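Reviewing the structure listed below.
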Amino acid sequence: MSDSIKKRKILSAKMQIIALTVVLSIISIGAFVYYYQNGLGIAYNDARSHLDIGRRVVEGLQTGMAQLGSVWLPLMHILMTTTIWNDFMWHSGLAGALFSMISYVGIGIVIFKFLQRLGIGAIGRFVGVAVFALNPNILYLQSTAMTELLLLFTMTTGAYYIFIWFEKRDDTLLVQSALWVMLSTLVRYDGWFLFFIATMLIIVYTLRREGYSTAEGKVFLFCLFGGFGIVLWLLWNYIIFGDPLYFAFGPYSAHSQQEAFAVNGLLSTKGSWFIASKTYLYAVLLNIGKYISGFALVGMIVFFLFGKSSKKMLYASLILFSPILFNILALYLGHSILFIPNFNGMTTWFNIRYGTMIIPTVAIFIGFLVGRWKWFTPVLMLAVLLAIGTNFYYEPVTIADAKYGKSQKNVNEIGEWLNKNVKNKKGLILISVASHDSIIFSSGLPMKRFIHEGVNSIWPSATKNPEEWVRWVIVMPEKSKNSDFLWKAMDNDPKRLRHFHLAGEFPYAVVYELDNKYFDKIKNKF
């Protein structure tokens with residue numbers, strides 16, 4: 001091939017990437033505007049909590065990096081701090097959605113380059129990107145402050161560089177992969193599993209091909225960078241909370257939350273590989289659609305049985321299945337929970353978005369299928385695009401979860417009450433962010449109006465003698481009060497509120513207000 005032809009191909013590939021970036025950016029912005037106008041961008045309770053964490057780092061009675069907490073990994077919240085000081089960026093959700101949107105565009109480009117590396121032509125590459133980019137659940141999640149898109153971006157990019165490393169054996173690629181994997185370990189714990197799977201693949205492959213001494217060096221290089229985020233998080237938990245595993249077993253951990261579900265018999269997947277696998281794969285099906293699932297299955301078979309990729313490339317591609325393995329394992333161990341209505345006895349949605357984790361892999365397999373069978377390309381392309389279109393006939397399951405499932409928490413009523421009755425009065429509010437972060441967000445009040453667990457210089461005294469510190473106290477209703485972290489900090493003692501009267505009662509919380517005769521004794525009237 002002449003140099004001029006090579007240059008034209010390189011230029012064409014660059015122009016395709018530029019065009020793809022522009023199109024994906026337009027789609028991303030359009031989707032955000034649509035969901036923002038419909039009020040769905042902050043429908044997820046977790047999205048509001050993520051935004052509040054970022055805000056507490058820069059604004060409140062006690063600011064700083066310690067407000068990042070111990071359970072949710074910190075990368076998304078750290079990124080948010082660049083803009084979340086602005087009230088619009090906070091309350092619109094854009095401070096977090098911005099990085100989901102950037103990730104959305106980035107994932108599309110990585111899928112395109114993945115398929116290019118596999119020798120797939122432009123049509124197959126663009127179809128593969130379309131499978132991802134036009135998935136309704138992806139379009140919704142990229143418009144929110146949830147962490148799924150940032151996780152998918154870092155994981156998919158890490159997998160891409162490992163894929164190339166297996167082909168080229170250039171250790172700079174191994175380092176690049178490790179750095180992206182490290183970033184994924186700071187987004188969600190799925191990234192920790194990816195790090196483990198990638199390490200195992202590198203160990204097995206290099207041991208078989210190059211011997212122990214080489215394998216030792218490669219594995220050390222990958223782990224040095226790839227595992228750095230995990231070490232930092234363990235160190236953070238030890239320094240801040242005195243226990244390196246506080247995030248895993250502390251009172252706010254997922255483990256503690258799942259124990260409550262287990263007591264009520266809601267962990268049906270725990271201890272059963274069959275139920276765990278069935279539940280997660282059904283969640284995948286609901287997120288990607290039955291027709292797209294069918295094409296993905298055929299594409300996977302073609303990729304592994306009839307593809308022309310070298311054995312080491314096929315071997316490296318096993319990393320793409322990391323999300324499936326992780327989620328099934330987490331459900332089996334009882335560290336994760338996923339509800340689907342009318343499935344396994346469940347009556348509502350919860351965490352159905354976990355099924356989106358496999359969508360980039362699905363996109364790669366379908367793009368490979370369309371590009372591999374060139375004599376069927378036009379027919380396959382049309383069929384896949386029609387299948388994508390059918391997904392828009394139904395409400396995306398991630399939106400159903402955000403609107404009706406356990407992932408939503410409609411606190412608009414109490415938020416409006418606080419904005420109306422508290423905003424223009426002096427006094428602070430005592431509340432647990434672990435129990436009521438969404439109320440803080442929905443109230444529209446400054447973070448410095450709240451005393452919570454993160455204000456550790458005041459929290460112990462305020463929970464012991466609230467009448468000396470606050471004008472309002474917010475706890476859960478009577479039927480669920482014992483699970484409220486503030487109520488626990490007050491030793492479940494009603495006498496702590498003896499100087500307060502009931503001011504408002506709502507579905508998710510009740511508000512107590514200090515009797516007027518004690519207000520002059522408050523230490524900080526704000």
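Simple scheme: letters A, B, ... for chains in structure tokens order, numbers from 1 for residues in each chain, numbers from 1 for ligands in the order shown.
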Nearby residues (only C-alpha atoms) at most 8 Å from range 101-114 of chain A, same-chain spacing under 5 positions excluded, as a list of chain:residue names: A:Ile17, A:Leu20, A:Thr21, A:Leu24, A:Ser25, A:Ser28, A:Ile29, A:Arg125, A:Phe126, A:Gly128, A:Val129, A:Phe132, A:Ala133, A:Gln142, A:Ser143, A:Leu149, A:Leu150, A:Leu152, A:Phe153, A:Thr156, A:Thr157, A:Tyr160, A:Pro360, A:Ala363, A:Ile364
List the neighbours of range 165-172 of chain A out to 12 Å using only C-alpha atoms; skip same-chain residues closer than 3 positions along the sequence, and give me the result as a PyMOL selection string. chain A and resi 117-118+158-162+175-179+198+201-202+205-206+209-210+214+217-222+225+309-319
Please compute the CA of Arg353 in chain A-CA of Gly405 in chain A distance, one decimal, in Å. 11.6 Å
Which of range 144-282 of chain A end up as helix (DSSP H, G or I) when DSSP is run on this backbone - answer as number ranges by chain? A: 148-168, 171-184, 190-210, 212-226, 228-241, 246-249, 254-263, 273-282
Could you list, as a PyMOL selection string, every residue within 6 Å of range 190-196 of chain A, counting only C-alpha atoms and ignoring same-chain residues fewer than 4 positions away? chain A and resi 184-185+322
Find the residues around Ser49 in chain A up to 10 Å (only C-alpha atoms counted), leave out those fewer than 3 positions away in its own chain, and share them as a VMD selection string. chain A and resid 42 44 to 46 52 to 55 145 to 146 433 to 434 436 to 441
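Each of A:Leu382, A:Asp401, A:Gly389, A:Asn237 was checked against Thr348 in chain A using only C-alpha atoms; the smallest atom-to-atom distance is that of A:Asp401.
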Write out as an MDAnalysis selection string which residues come within 8 Å of Val475 in chain A when counting only C-alpha atoms, dropping same-chain ones fewer than 5 positions away. chainID A and resid 431:432 481 484 486:487 509:511
What are the closest atom pairs, with distances in Å to one decimal, for all residues of range 221-279 of chain A lying within 12 Å of range 447-454 of chain A? Consider only C-alpha atoms, order rows by chain and residue number, and present the result as CSV.
```
residue,atom,partner,partner_atom,distance
A:Ile240,CA,A:Gly454,CA,11.4
A:Phe241,CA,A:Gly454,CA,11.8
A:Tyr252,CA,A:Glu453,CA,11.3
```
Calculated over only C-alpha atoms, which of the candidates A:Trp417, A:Trp459, A:Phe392, A:Phe163 has the smallest distance to Gly444 in chain A? A:Trp417
